[in-house]
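Have a look at my_file_12.cif below; it lists mmCIF, C-alpha atoms and all ligand atoms.
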data_upload
loop_
_atom_site.group_PDB
_atom_site.id
_atom_site.type_symbol
_atom_site.label_atom_id
_atom_site.label_comp_id
_atom_site.auth_asym_id
_atom_site.auth_seq_id
_atom_site.Cartn_x
_atom_site.Cartn_y
_atom_site.Cartn_z
ATOM 1 C CA MET A 1 118.565 115.816 96.593
ATOM 2 C CA THR A 2 117.347 113.664 99.453
ATOM 3 C CA THR A 3 114.973 114.717 102.230
ATOM 4 C CA LEU A 4 116.563 112.695 105.033
ATOM 5 C CA ASP A 5 120.212 112.671 106.073
ATOM 6 C CA HIS A 6 122.463 110.949 108.631
ATOM 7 C CA SER A 7 120.742 112.688 111.521
ATOM 8 C CA TYR A 8 117.853 110.285 110.886
ATOM 9 C CA VAL A 9 120.107 107.500 112.185
ATOM 10 C CA GLU A 10 122.105 109.494 114.732
ATOM 11 C CA LYS A 11 119.229 111.367 116.345
ATOM 12 C CA GLY A 12 116.251 109.261 115.287
ATOM 13 C CA SER A 13 114.440 106.507 117.111
ATOM 14 C CA TRP A 14 115.885 103.566 115.197
ATOM 15 C CA LYS A 15 119.062 101.532 115.588
ATOM 16 C CA PRO A 16 121.490 102.047 112.695
ATOM 17 C CA ASP A 17 121.687 98.441 111.450
ATOM 18 C CA LEU A 18 117.984 97.662 111.708
ATOM 19 C CA PHE A 19 117.722 96.569 108.064
ATOM 20 C CA LYS A 20 121.273 95.330 107.433
ATOM 21 C CA ASP A 21 121.225 92.715 104.624
ATOM 22 C CA LYS A 22 117.598 93.442 103.745
ATOM 23 C CA VAL A 23 116.485 94.385 100.229
ATOM 24 C CA VAL A 24 113.440 96.526 99.473
ATOM 25 C CA PHE A 25 111.640 96.739 96.112
ATOM 26 C CA VAL A 26 109.735 100.031 95.752
ATOM 27 C CA THR A 27 107.335 100.923 92.956
ATOM 28 C CA GLY A 28 106.867 104.660 92.615
ATOM 29 C CA GLY A 29 110.186 104.927 94.436
ATOM 30 C CA ALA A 30 111.153 108.158 92.701
ATOM 31 C CA GLY A 31 107.967 109.897 93.881
ATOM 32 C CA THR A 32 107.998 112.175 96.908
ATOM 33 C CA ILE A 33 106.592 109.846 99.554
ATOM 34 C CA CYS A 34 108.090 106.557 98.382
ATOM 35 C CA LYS A 35 111.511 108.103 97.849
ATOM 36 C CA VAL A 36 111.676 109.179 101.501
ATOM 37 C CA GLN A 37 110.402 105.770 102.651
ATOM 38 C CA THR A 38 113.317 104.284 100.699
ATOM 39 C CA GLU A 39 115.786 106.821 102.087
ATOM 40 C CA ALA A 40 114.922 105.773 105.645
ATOM 41 C CA LEU A 41 115.303 102.057 104.923
ATOM 42 C CA VAL A 42 118.640 102.603 103.164
ATOM 43 C CA LEU A 43 119.941 104.830 105.970
ATOM 44 C CA LEU A 44 119.105 101.971 108.347
ATOM 45 C CA GLY A 45 121.106 99.432 106.354
ATOM 46 C CA ALA A 46 118.881 98.147 103.530
ATOM 47 C CA ASN A 47 119.693 97.944 99.847
ATOM 48 C CA ALA A 48 116.961 99.014 97.455
ATOM 49 C CA ALA A 49 115.514 98.778 93.962
ATOM 50 C CA VAL A 50 113.665 101.931 92.913
ATOM 51 C CA ILE A 51 111.109 101.155 90.224
ATOM 52 C CA GLY A 52 109.439 103.736 87.977
ATOM 53 C CA ARG A 53 108.071 104.620 84.576
ATOM 54 C CA ASN A 54 110.405 107.517 83.896
ATOM 55 C CA GLU A 55 113.911 106.182 83.265
ATOM 56 C CA LYS A 56 115.876 109.326 84.149
ATOM 57 C CA LYS A 57 113.814 110.306 87.192
ATOM 58 C CA THR A 58 114.064 106.758 88.538
ATOM 59 C CA LYS A 59 117.812 106.422 88.041
ATOM 60 C CA ASP A 60 118.466 109.909 89.446
ATOM 61 C CA ALA A 61 116.429 109.078 92.562
ATOM 62 C CA ALA A 62 118.341 105.826 93.060
ATOM 63 C CA ALA A 63 121.678 107.624 92.696
ATOM 64 C CA ASP A 64 120.597 110.257 95.254
ATOM 65 C CA ILE A 65 119.510 107.646 97.783
ATOM 66 C CA ALA A 66 122.695 105.589 97.318
ATOM 67 C CA LYS A 67 124.770 108.567 98.499
ATOM 68 C CA LEU A 68 123.120 108.449 101.918
ATOM 69 C CA ARG A 69 125.112 105.480 103.221
ATOM 70 C CA PRO A 70 128.600 104.353 102.213
ATOM 71 C CA GLY A 71 128.325 100.872 100.707
ATOM 72 C CA ALA A 72 124.610 101.139 100.014
ATOM 73 C CA LYS A 73 123.452 99.445 96.832
ATOM 74 C CA VAL A 74 120.504 101.243 95.291
ATOM 75 C CA ILE A 75 119.493 100.465 91.731
ATOM 76 C CA GLY A 76 117.022 102.408 89.603
ATOM 77 C CA ILE A 77 114.927 100.424 87.146
ATOM 78 C CA GLY A 78 112.989 102.630 84.740
ATOM 79 C CA ASN A 79 110.522 101.990 81.940
ATOM 80 C CA VAL A 80 108.412 99.821 84.233
ATOM 81 C CA ASP A 81 104.635 100.300 84.004
ATOM 82 C CA VAL A 82 102.974 98.596 86.979
ATOM 83 C CA ARG A 83 99.957 97.892 84.748
ATOM 84 C CA GLU A 84 102.172 95.329 82.969
ATOM 85 C CA VAL A 85 103.067 92.386 85.175
ATOM 86 C CA GLN A 86 105.798 91.365 82.706
ATOM 87 C CA ASP A 87 107.541 94.722 83.252
ATOM 88 C CA LEU A 88 107.519 93.992 86.973
ATOM 89 C CA ALA A 89 108.738 90.427 86.480
ATOM 90 C CA GLY A 90 111.739 91.845 84.612
ATOM 91 C CA ALA A 91 112.409 94.340 87.410
ATOM 92 C CA VAL A 92 112.224 91.580 90.016
ATOM 93 C CA LYS A 93 114.696 89.458 88.042
ATOM 94 C CA GLN A 94 117.110 92.373 87.731
ATOM 95 C CA THR A 95 116.788 93.121 91.453
ATOM 96 C CA VAL A 96 117.518 89.525 92.436
ATOM 97 C CA ASP A 97 120.410 89.339 89.953
ATOM 98 C CA GLU A 98 121.980 92.563 91.265
ATOM 99 C CA LEU A 99 120.952 92.688 94.942
ATOM 100 C CA GLY A 100 120.471 88.988 95.668
ATOM 101 C CA LYS A 101 116.879 88.866 96.919
ATOM 102 C CA ILE A 102 113.793 90.839 97.951
ATOM 103 C CA ASP A 103 112.611 90.994 101.588
ATOM 104 C CA PHE A 104 110.293 93.995 101.557
ATOM 105 C CA VAL A 105 107.927 95.377 98.952
ATOM 106 C CA ILE A 106 106.434 98.866 98.886
ATOM 107 C CA ALA A 107 103.600 99.109 96.357
ATOM 108 C CA GLY A 108 103.578 102.861 95.993
ATOM 109 C CA ALA A 109 103.072 103.667 92.311
ATOM 110 C CA ALA A 110 99.930 105.782 91.908
ATOM 111 C CA GLY A 111 98.193 108.089 89.487
ATOM 112 C CA ASN A 112 95.682 110.783 90.316
ATOM 113 C CA PHE A 113 93.952 113.937 89.145
ATOM 114 C CA LEU A 114 90.829 115.801 90.121
ATOM 115 C CA ALA A 115 87.902 115.063 87.799
ATOM 116 C CA ASP A 116 84.188 115.422 88.352
ATOM 117 C CA PHE A 117 82.161 112.303 87.599
ATOM 118 C CA ASN A 118 80.468 113.842 84.587
ATOM 119 C CA HIS A 119 83.803 114.526 82.891
ATOM 120 C CA LEU A 120 85.643 111.436 84.093
ATOM 121 C CA SER A 121 85.865 109.134 81.076
ATOM 122 C CA THR A 122 85.792 105.366 81.320
ATOM 123 C CA LYS A 123 89.367 105.357 80.096
ATOM 124 C CA ALA A 124 90.448 107.832 82.775
ATOM 125 C CA PHE A 125 88.758 105.814 85.551
ATOM 126 C CA LYS A 126 90.375 102.665 84.218
ATOM 127 C CA ALA A 127 93.807 104.308 84.001
ATOM 128 C CA VAL A 128 93.794 105.200 87.704
ATOM 129 C CA VAL A 129 92.319 101.888 88.902
ATOM 130 C CA SER A 130 94.825 100.060 86.715
ATOM 131 C CA ILE A 131 97.798 101.931 88.144
ATOM 132 C CA ASP A 132 96.718 102.060 91.794
ATOM 133 C CA LEU A 133 94.916 98.743 92.281
ATOM 134 C CA LEU A 134 95.914 96.384 89.476
ATOM 135 C CA GLY A 135 99.450 97.781 89.734
ATOM 136 C CA SER A 136 99.551 96.901 93.447
ATOM 137 C CA PHE A 137 98.332 93.381 92.687
ATOM 138 C CA ASN A 138 100.887 92.982 89.891
ATOM 139 C CA THR A 139 103.683 94.183 92.166
ATOM 140 C CA VAL A 140 102.995 91.551 94.809
ATOM 141 C CA LYS A 141 102.358 88.931 92.135
ATOM 142 C CA ALA A 142 105.777 89.548 90.602
ATOM 143 C CA CYS A 143 107.506 89.540 94.020
ATOM 144 C CA PHE A 144 105.603 86.600 95.479
ATOM 145 C CA GLU A 145 108.292 83.893 95.173
ATOM 146 C CA GLN A 146 110.832 86.197 96.826
ATOM 147 C CA LEU A 147 108.414 87.178 99.584
ATOM 148 C CA LYS A 148 107.650 83.520 100.249
ATOM 149 C CA LYS A 149 111.290 82.493 100.252
ATOM 150 C CA ASN A 150 112.347 85.306 102.591
ATOM 151 C CA LYS A 151 109.206 85.515 104.752
ATOM 152 C CA GLY A 152 108.921 89.083 103.628
ATOM 153 C CA ALA A 153 106.598 91.982 104.253
ATOM 154 C CA ILE A 154 104.477 94.232 102.056
ATOM 155 C CA ILE A 155 103.392 97.838 102.536
ATOM 156 C CA PHE A 156 100.733 99.255 100.223
ATOM 157 C CA VAL A 157 100.520 103.034 100.048
ATOM 158 C CA SER A 158 96.809 103.697 100.397
ATOM 159 C CA ALA A 159 94.815 106.848 101.281
ATOM 160 C CA THR A 160 92.008 108.022 103.558
ATOM 161 C CA LEU A 161 89.654 109.466 100.977
ATOM 162 C CA HIS A 162 87.549 106.321 100.632
ATOM 163 C CA TYR A 163 86.520 106.423 104.326
ATOM 164 C CA TYR A 164 83.908 108.952 103.280
ATOM 165 C CA GLY A 165 82.864 110.512 99.961
ATOM 166 C CA VAL A 166 85.366 112.880 98.391
ATOM 167 C CA PRO A 167 84.129 114.734 95.297
ATOM 168 C CA PHE A 168 86.211 114.534 92.103
ATOM 169 C CA GLN A 169 88.021 111.504 93.495
ATOM 170 C CA SER A 170 85.653 108.631 92.668
ATOM 171 C CA HIS A 171 88.346 106.878 90.627
ATOM 172 C CA VAL A 172 91.051 107.089 93.311
ATOM 173 C CA GLY A 173 88.661 106.354 96.184
ATOM 174 C CA ALA A 174 87.465 103.205 94.435
ATOM 175 C CA ALA A 175 91.034 102.128 93.684
ATOM 176 C CA LYS A 176 92.367 102.752 97.193
ATOM 177 C CA ALA A 177 89.400 100.959 98.802
ATOM 178 C CA GLY A 178 90.428 98.035 96.626
ATOM 179 C CA VAL A 179 94.032 98.352 97.773
ATOM 180 C CA ASP A 180 92.942 98.095 101.428
ATOM 181 C CA ALA A 181 90.807 95.048 100.604
ATOM 182 C CA LEU A 182 93.680 93.452 98.695
ATOM 183 C CA SER A 183 96.033 93.990 101.618
ATOM 184 C CA ASN A 184 93.577 92.486 104.108
ATOM 185 C CA ALA A 185 93.008 89.428 101.921
ATOM 186 C CA LEU A 186 96.739 88.913 101.443
ATOM 187 C CA ALA A 187 97.364 89.285 105.180
ATOM 188 C CA VAL A 188 95.021 86.367 105.791
ATOM 189 C CA GLU A 189 96.025 84.255 102.813
ATOM 190 C CA LEU A 190 99.790 84.778 103.008
ATOM 191 C CA GLY A 191 100.117 84.964 106.808
ATOM 192 C CA PRO A 192 100.654 81.191 107.092
ATOM 193 C CA LEU A 193 103.622 81.596 104.708
ATOM 194 C CA GLY A 194 105.170 84.145 107.071
ATOM 195 C CA ILE A 195 104.387 87.099 104.811
ATOM 196 C CA ARG A 196 102.932 90.223 106.433
ATOM 197 C CA SER A 197 100.800 92.745 104.544
ATOM 198 C CA ASN A 198 99.887 96.219 105.789
ATOM 199 C CA CYS A 199 98.775 99.564 104.377
ATOM 200 C CA ILE A 200 99.946 103.053 105.184
ATOM 201 C CA ALA A 201 97.294 105.690 104.524
ATOM 202 C CA PRO A 202 98.876 109.126 104.255
ATOM 203 C CA GLY A 203 96.689 112.163 104.852
ATOM 204 C CA MET A 204 97.746 115.642 103.792
ATOM 205 C CA ILE A 205 101.492 115.373 103.412
ATOM 206 C CA ASP A 206 103.351 118.615 102.839
ATOM 207 C CA GLY A 207 105.241 119.038 99.590
ATOM 208 C CA THR A 208 103.819 116.037 97.758
ATOM 209 C CA GLU A 209 102.479 115.835 94.225
ATOM 210 C CA GLY A 210 99.211 114.579 95.701
ATOM 211 C CA MET A 211 98.814 117.760 97.756
ATOM 212 C CA ALA A 212 99.630 119.922 94.761
ATOM 213 C CA ARG A 213 97.113 118.074 92.610
ATOM 214 C CA LEU A 214 94.327 117.794 95.144
ATOM 215 C CA THR A 215 94.344 121.065 97.069
ATOM 216 C CA PRO A 216 92.247 123.663 95.290
ATOM 217 C CA PRO A 217 93.908 127.106 95.183
ATOM 218 C CA GLY A 218 92.509 129.406 97.876
ATOM 219 C CA SER A 219 91.136 126.574 100.022
ATOM 220 C CA ASP A 220 90.988 127.105 103.800
ATOM 221 C CA PRO A 221 94.182 126.627 105.807
ATOM 222 C CA LEU A 222 94.517 122.888 105.996
ATOM 223 C CA GLN A 223 95.881 122.934 109.519
ATOM 224 C CA THR A 224 92.468 123.933 110.862
ATOM 225 C CA ARG A 225 91.155 120.537 109.761
ATOM 226 C CA VAL A 226 93.903 118.468 111.352
ATOM 227 C CA PRO A 227 93.553 117.686 115.069
ATOM 228 C CA LEU A 228 97.334 117.591 115.457
ATOM 229 C CA GLN A 229 97.444 121.091 113.924
ATOM 230 C CA ARG A 230 99.966 120.535 111.183
ATOM 231 C CA LEU A 231 100.378 118.942 107.792
ATOM 232 C CA GLY A 232 102.076 115.572 107.664
ATOM 233 C CA THR A 233 105.664 115.172 106.505
ATOM 234 C CA THR A 234 107.275 112.558 104.348
ATOM 235 C CA ARG A 235 109.328 111.668 107.419
ATOM 236 C CA ASP A 236 106.119 110.754 109.259
ATOM 237 C CA ILE A 237 105.431 108.202 106.525
ATOM 238 C CA ALA A 238 109.036 106.980 106.591
ATOM 239 C CA ASP A 239 108.796 106.376 110.345
ATOM 240 C CA SER A 240 105.662 104.258 109.949
ATOM 241 C CA THR A 241 107.348 102.335 107.168
ATOM 242 C CA VAL A 242 110.371 101.577 109.344
ATOM 243 C CA TYR A 243 108.102 100.403 112.157
ATOM 244 C CA LEU A 244 105.997 98.141 109.942
ATOM 245 C CA PHE A 245 109.053 96.457 108.372
ATOM 246 C CA SER A 246 110.907 96.188 111.693
ATOM 247 C CA PRO A 247 110.813 93.185 114.059
ATOM 248 C CA ALA A 248 108.744 95.409 116.401
ATOM 249 C CA ALA A 249 105.841 94.772 114.020
ATOM 250 C CA ASP A 250 106.384 91.006 113.706
ATOM 251 C CA TYR A 251 102.820 90.346 114.924
ATOM 252 C CA VAL A 252 101.239 93.143 112.884
ATOM 253 C CA THR A 253 99.497 92.239 109.638
ATOM 254 C CA GLY A 254 96.287 93.264 107.906
ATOM 255 C CA THR A 255 96.335 96.756 109.388
ATOM 256 C CA VAL A 256 96.006 100.217 107.908
ATOM 257 C CA SER A 257 98.314 102.718 109.558
ATOM 258 C CA VAL A 258 96.563 106.045 109.079
ATOM 259 C CA ASN A 259 99.071 108.907 109.087
ATOM 260 C CA ASP A 260 96.890 111.991 108.886
ATOM 261 C CA GLY A 261 97.082 113.733 112.255
ATOM 262 C CA GLY A 262 93.554 112.521 112.988
ATOM 263 C CA ALA A 263 92.093 114.458 110.055
ATOM 264 C CA TRP A 264 89.773 111.810 108.661
ATOM 265 C CA HIS A 265 87.785 111.774 111.897
ATOM 266 C CA MET A 266 86.841 115.367 111.090
ATOM 267 C CA GLY A 267 85.125 114.013 107.982
ATOM 268 C CA ASN A 268 86.516 115.906 105.042
ATOM 269 C CA PHE A 269 89.695 115.817 103.015
ATOM 270 C CA THR A 270 89.587 119.083 101.069
HETATM 271 C C1 LIG B 1 90.661 114.352 83.513
HETATM 272 C C2 LIG B 1 92.361 113.033 82.694
HETATM 273 C C3 LIG B 1 93.341 113.853 83.337
HETATM 274 C C4 LIG B 1 92.868 114.986 84.062
HETATM 275 C C5 LIG B 1 94.358 112.257 82.293
HETATM 276 N N1 LIG B 1 93.057 112.065 82.086
HETATM 277 N N2 LIG B 1 94.562 113.342 83.056
HETATM 278 N N3 LIG B 1 91.046 113.263 82.805
HETATM 279 N N4 LIG B 1 91.525 115.188 84.138
HETATM 280 N N5 LIG B 1 93.721 115.803 84.684
HETATM 281 C C6 LIG B 1 92.443 111.028 81.276
HETATM 282 C C7 LIG B 1 92.885 111.146 79.847
HETATM 283 O O1 LIG B 1 92.180 112.180 79.183
HETATM 284 C C8 LIG B 1 92.547 109.756 79.294
HETATM 285 O O2 LIG B 1 91.186 109.601 79.065
HETATM 286 C C9 LIG B 1 92.845 108.867 80.509
HETATM 287 O O3 LIG B 1 92.841 109.726 81.655
HETATM 288 C C10 LIG B 1 94.183 108.198 80.403
HETATM 289 O O4 LIG B 1 95.131 109.218 80.222
HETATM 290 P P1 LIG B 1 96.588 108.873 79.660
HETATM 291 O O5 LIG B 1 97.357 110.136 79.690
HETATM 292 O O6 LIG B 1 96.474 108.134 78.377
HETATM 293 O O7 LIG B 1 97.098 107.816 80.700
HETATM 294 P P2 LIG B 1 98.492 107.644 81.271
HETATM 295 O O8 LIG B 1 99.567 108.221 80.437
HETATM 296 O O9 LIG B 1 98.659 106.242 81.579
HETATM 297 O O10 LIG B 1 98.448 108.537 82.599
HETATM 298 C C11 LIG B 1 97.971 108.036 83.791
HETATM 299 C C12 LIG B 1 97.419 109.164 84.615
HETATM 300 C C13 LIG B 1 98.432 110.284 84.761
HETATM 301 C C14 LIG B 1 96.999 108.630 85.975
HETATM 302 C C15 LIG B 1 96.182 109.686 83.915
HETATM 303 O O11 LIG B 1 97.883 111.369 85.496
HETATM 304 C C16 LIG B 1 99.684 109.810 85.423
HETATM 305 O O12 LIG B 1 100.454 109.061 84.835
HETATM 306 N N6 LIG B 1 100.002 110.206 86.604
HETATM 307 C C17 LIG B 1 101.185 109.689 87.305
HETATM 308 C C18 LIG B 1 101.664 110.648 88.251
HETATM 309 C C19 LIG B 1 100.638 110.942 89.268
HETATM 310 O O13 LIG B 1 99.453 110.976 89.020
HETATM 311 N N7 LIG B 1 101.058 111.197 90.445
HETATM 312 C C20 LIG B 1 100.117 111.575 91.480
HETATM 313 C C21 LIG B 1 100.363 110.763 92.589
HETATM 314 S S1 LIG B 1 99.559 111.448 93.968
HETATM 315 P P3 LIG B 1 90.468 109.947 77.637
HETATM 316 O O14 LIG B 1 89.122 109.323 77.740
HETATM 317 O O15 LIG B 1 90.411 111.441 77.574
HETATM 318 O O16 LIG B 1 91.327 109.349 76.563
HETATM 319 C C22 LIG B 1 98.453 110.341 94.387
HETATM 320 C C23 LIG B 1 97.773 110.626 95.674
HETATM 321 C C24 LIG B 1 96.651 109.684 95.825
HETATM 322 O O17 LIG B 1 98.244 109.411 93.736
HETATM 323 C C25 LIG B 1 96.054 109.741 97.173
HETATM 324 C C26 LIG B 1 95.232 110.919 97.383
HETATM 325 C C27 LIG B 1 95.071 111.266 98.807
#

As structure tokens, please, write out the structure in this file.
Amino acid sequence: MTTLDHSYVEKGSWKPDLFKDKVVFVTGGAGTICKVQTEALVLLGANAAVIGRNEKKTKDAAADIAKLRPGAKVIGIGNVDVREVQDLAGAVKQTVDELGKIDFVIAGAAGNFLADFNHLSTKAFKAVVSIDLLGSFNTVKACFEQLKKNKGAIIFVSATLHYYGVPFQSHVGAAKAGVDALSNALAVELGPLGIRSNCIAPGMIDGTEGMARLTPPGSDPLQTRVPLQRLGTTRDIADSTVYLFSPAADYVTGTVSVNDGGAWHMGNFT
């Protein structure tokens, strides 16, 4: 099942053909946030490659998204571990063979769990940094020739928890701080090639695996810690994604678009 439907095009803020003839490559594309980012781009005319570790989940997500727009081409490529650049190189080749090119990249694959520092093993820290940070690097590395050829754009899915100290999240905070730094460096280094690089930092997004994993049972109502008085939605993230890939953001690179209702200014995530 998809989250968005045709009303996103009919009643939304975006023109229907905004991404006609564009191709997006999305790691973690079967996950809650990245799937809805992909749904929005496909509804607005793009074709997409959904990349994931789990073969069935990835292919099912791609099939769901493809139903959103007649003629949409959405392929699911499973068994890809972003820690292995060769896996990604294979996925890029398949995407170019089947969809013709890659214009946009969403580096969204992530791993997370709550663990206090004392019980966080070296292997566990490395697993998360390898998925979130090295995986983001590998994704852009594998897509680089396509991004260069098509003057493409990158969105990294980051977080806000490294803006301050969040307990039990040292591994993810360290990784996401690295993701922001990677994006900034690429914005500067790849800007002259016409490639833009930006981050989206979701806050507390309703219905996501991240929320389920990170919100302790019985914690205070989250809305009281969000200036805009509500949790975020996956559609909020999709809207920022559409903006950052659209021509309206042609002069925007090296930014972090924080989508958290202002929550991080209140100084605590959980
Ligand atoms: C403590 C844990 C753990 C847990 C795994 N480990 N889960 N430690 N608490 N809950 C430890 C293991 O014991 C092992 O260390 C090490 O991590 C590697 O575990 P593996 O299972 O071998 O690794 P792997 O199969 O590669 O799994 C990667 C993973 C896993 C990150 C650990 O959770 C995963 O694949 N998750 C993918 C899905 C996911 O996390 N989605 C959440 C996205 S939400 P030892 O030393 O014991 O061998 C999100 C939001 C981020 O990312 C932003 C927040 C705002």

Inset, instruction - Report the distance between CA of Leu18 (chain A) and CA of Glu39 (chain A) in Å, rounded to one decimal place. - result: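 It comes out at 13.5 Å.
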
Starting from 3 Å padding per side, set up an axis-aligned box that covers all listed atoms of ligand LIG 1 (chain B) and hand over centre and edge lengths in Å, one decimal, as JSON.
{"center_x": 95.4, "center_y": 111.0, "center_z": 87.7, "size_x": 18.5, "size_y": 15.6, "size_z": 28.2}

Inset, instruction - Could you state which residues are captured by the PyMOL selection byres (((not hetatm)) within 6 of (chain B and resi 1)) in this file, as a ChimeraX atom specification? - result: /A:110-113,115,120-121,123-124,127-128,159,209-210

List as a tab-separated table (two decimals) with C-alpha atoms, in the frame of the given file the residues having at least one atom at most 10 Å from position (115.1, 115.3, 106.2) as given in the file, counting all atoms listed in the file.
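Okay, this is what ended up in point.tsv:
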chain	number	residue	atom	x	y	z
A	2	THR	CA	117.35	113.66	99.45
A	3	THR	CA	114.97	114.72	102.23
A	4	LEU	CA	116.56	112.70	105.03
A	5	ASP	CA	120.21	112.67	106.07
A	6	HIS	CA	122.46	110.95	108.63
A	7	SER	CA	120.74	112.69	111.52
A	8	TYR	CA	117.85	110.28	110.89
A	36	VAL	CA	111.68	109.18	101.50
A	39	GLU	CA	115.79	106.82	102.09
A	40	ALA	CA	114.92	105.77	105.64
A	233	THR	CA	105.66	115.17	106.50
A	234	THR	CA	107.28	112.56	104.35
A	235	ARG	CA	109.33	111.67	107.42

Inset, instruction - Pull out every residue that the PyMOL selection byres (((chain A and resi 84) around 12) and not hetatm) matches in the shown coordinates and put them as a list in words. - result: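 Output of the PyMOL selection byres (((chain A and resi 84) around 12) and not hetatm): Arg53, Asn79, Val80, Asp81, Val82, Arg83, Val85, Gln86, Asp87, Leu88, Ala89, Gly90, Ala91, Ser130, Ile131, Leu134, Gly135, Ser136, Phe137, Asn138, Thr139, Lys141 and Ala142 of chain A.
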
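Evaluating the PyMOL selection byres (((chain A and resi 97-103) around 9) and not hetatm) against the shown model yields Lys22, Val23, Val24, Phe25, Asn47, Ala48, Ala49, Lys73, Val74, Ile75, Val92, Lys93, Gln94, Thr95, Val96, Phe104, Val105, Cys143, Gln146, Leu147, Lys149, Asn150, Lys151, Gly152, Ala153 and Ile154 of chain A.
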
Legend entry - Interatomic distance (Å, one decimal) between CA of Val188 (chain A) and CA of Ala107 (chain A): 18.0 Å

Inset, instruction - Name the closest residue to Gln169 (chain A) among the candidates A:Glu145, A:Glu55, A:Asp260, A:Asp116; distances are taken between atoms, counting all atoms listed in the file. - result: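 Ranking A:Glu145, A:Glu55, A:Asp260, A:Asp116 by distance to Gln169 (chain A), first place goes to A:Asp116.
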
Inset, instruction - For Leu114 (chain A), work out the shell of residues within 10 Å, counting all atoms listed in the file and skipping chain neighbours fewer than 6 positions away, then give it as a PyMOL selection string. - result: chain A and resi 120+167-172+213-216

Next, write the just-selected residues to a file, as an mmCIF file, in the coordinates of the input, keeping C-alpha atoms as the atom set.
data_model
loop_
_atom_site.group_PDB
_atom_site.id
_atom_site.type_symbol
_atom_site.label_atom_id
_atom_site.label_comp_id
_atom_site.auth_asym_id
_atom_site.auth_seq_id
_atom_site.Cartn_x
_atom_site.Cartn_y
_atom_site.Cartn_z
ATOM 1 C CA LEU A 120 85.643 111.436 84.093
ATOM 2 C CA PRO A 167 84.129 114.734 95.297
ATOM 3 C CA PHE A 168 86.211 114.534 92.103
ATOM 4 C CA GLN A 169 88.021 111.504 93.495
ATOM 5 C CA SER A 170 85.653 108.631 92.668
ATOM 6 C CA HIS A 171 88.346 106.878 90.627
ATOM 7 C CA VAL A 172 91.051 107.089 93.311
ATOM 8 C CA ARG A 213 97.113 118.074 92.610
ATOM 9 C CA LEU A 214 94.327 117.794 95.144
ATOM 10 C CA THR A 215 94.344 121.065 97.069
ATOM 11 C CA PRO A 216 92.247 123.663 95.290
#

Could you rebuild region 156-168 of chain A with N, CA and C atoms and give it back as a tab-separated table (two decimals), in the coordinates of the input?
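Now in result-v9.tsv:
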chain	number	residue	atom	x	y	z
A	156	PHE	N	101.44	98.56	101.30
A	156	PHE	CA	100.73	99.26	100.22
A	156	PHE	C	100.56	100.71	100.65
A	157	VAL	N	100.79	101.63	99.74
A	157	VAL	CA	100.52	103.03	100.05
A	157	VAL	C	99.08	103.33	99.63
A	158	SER	N	98.23	103.51	100.63
A	158	SER	CA	96.81	103.70	100.40
A	158	SER	C	96.45	105.18	100.56
A	159	ALA	N	95.29	105.47	101.10
A	159	ALA	CA	94.82	106.85	101.28
A	159	ALA	C	93.69	106.81	102.31
A	160	THR	N	93.15	107.98	102.62
A	160	THR	CA	92.01	108.02	103.56
A	160	THR	C	90.72	108.45	102.86
A	161	LEU	N	90.81	108.82	101.59
A	161	LEU	CA	89.65	109.47	100.98
A	161	LEU	C	88.48	108.54	100.69
A	162	HIS	N	88.66	107.25	100.84
A	162	HIS	CA	87.55	106.32	100.63
A	162	HIS	C	86.83	106.00	101.94
A	163	TYR	N	87.23	106.64	103.06
A	163	TYR	CA	86.52	106.42	104.33
A	163	TYR	C	85.21	107.21	104.34
A	164	TYR	N	85.12	108.14	103.45
A	164	TYR	CA	83.91	108.95	103.28
A	164	TYR	C	83.88	109.34	101.80
A	165	GLY	N	82.93	110.14	101.37
A	165	GLY	CA	82.86	110.51	99.96
A	165	GLY	C	83.66	111.77	99.69
A	166	VAL	N	84.61	111.68	98.76
A	166	VAL	CA	85.37	112.88	98.39
A	166	VAL	C	85.03	113.22	96.93
A	167	PRO	N	84.48	114.39	96.67
A	167	PRO	CA	84.13	114.73	95.30
A	167	PRO	C	85.35	114.82	94.40
A	168	PHE	N	85.17	114.49	93.15
A	168	PHE	CA	86.21	114.53	92.10
A	168	PHE	C	87.29	113.46	92.30
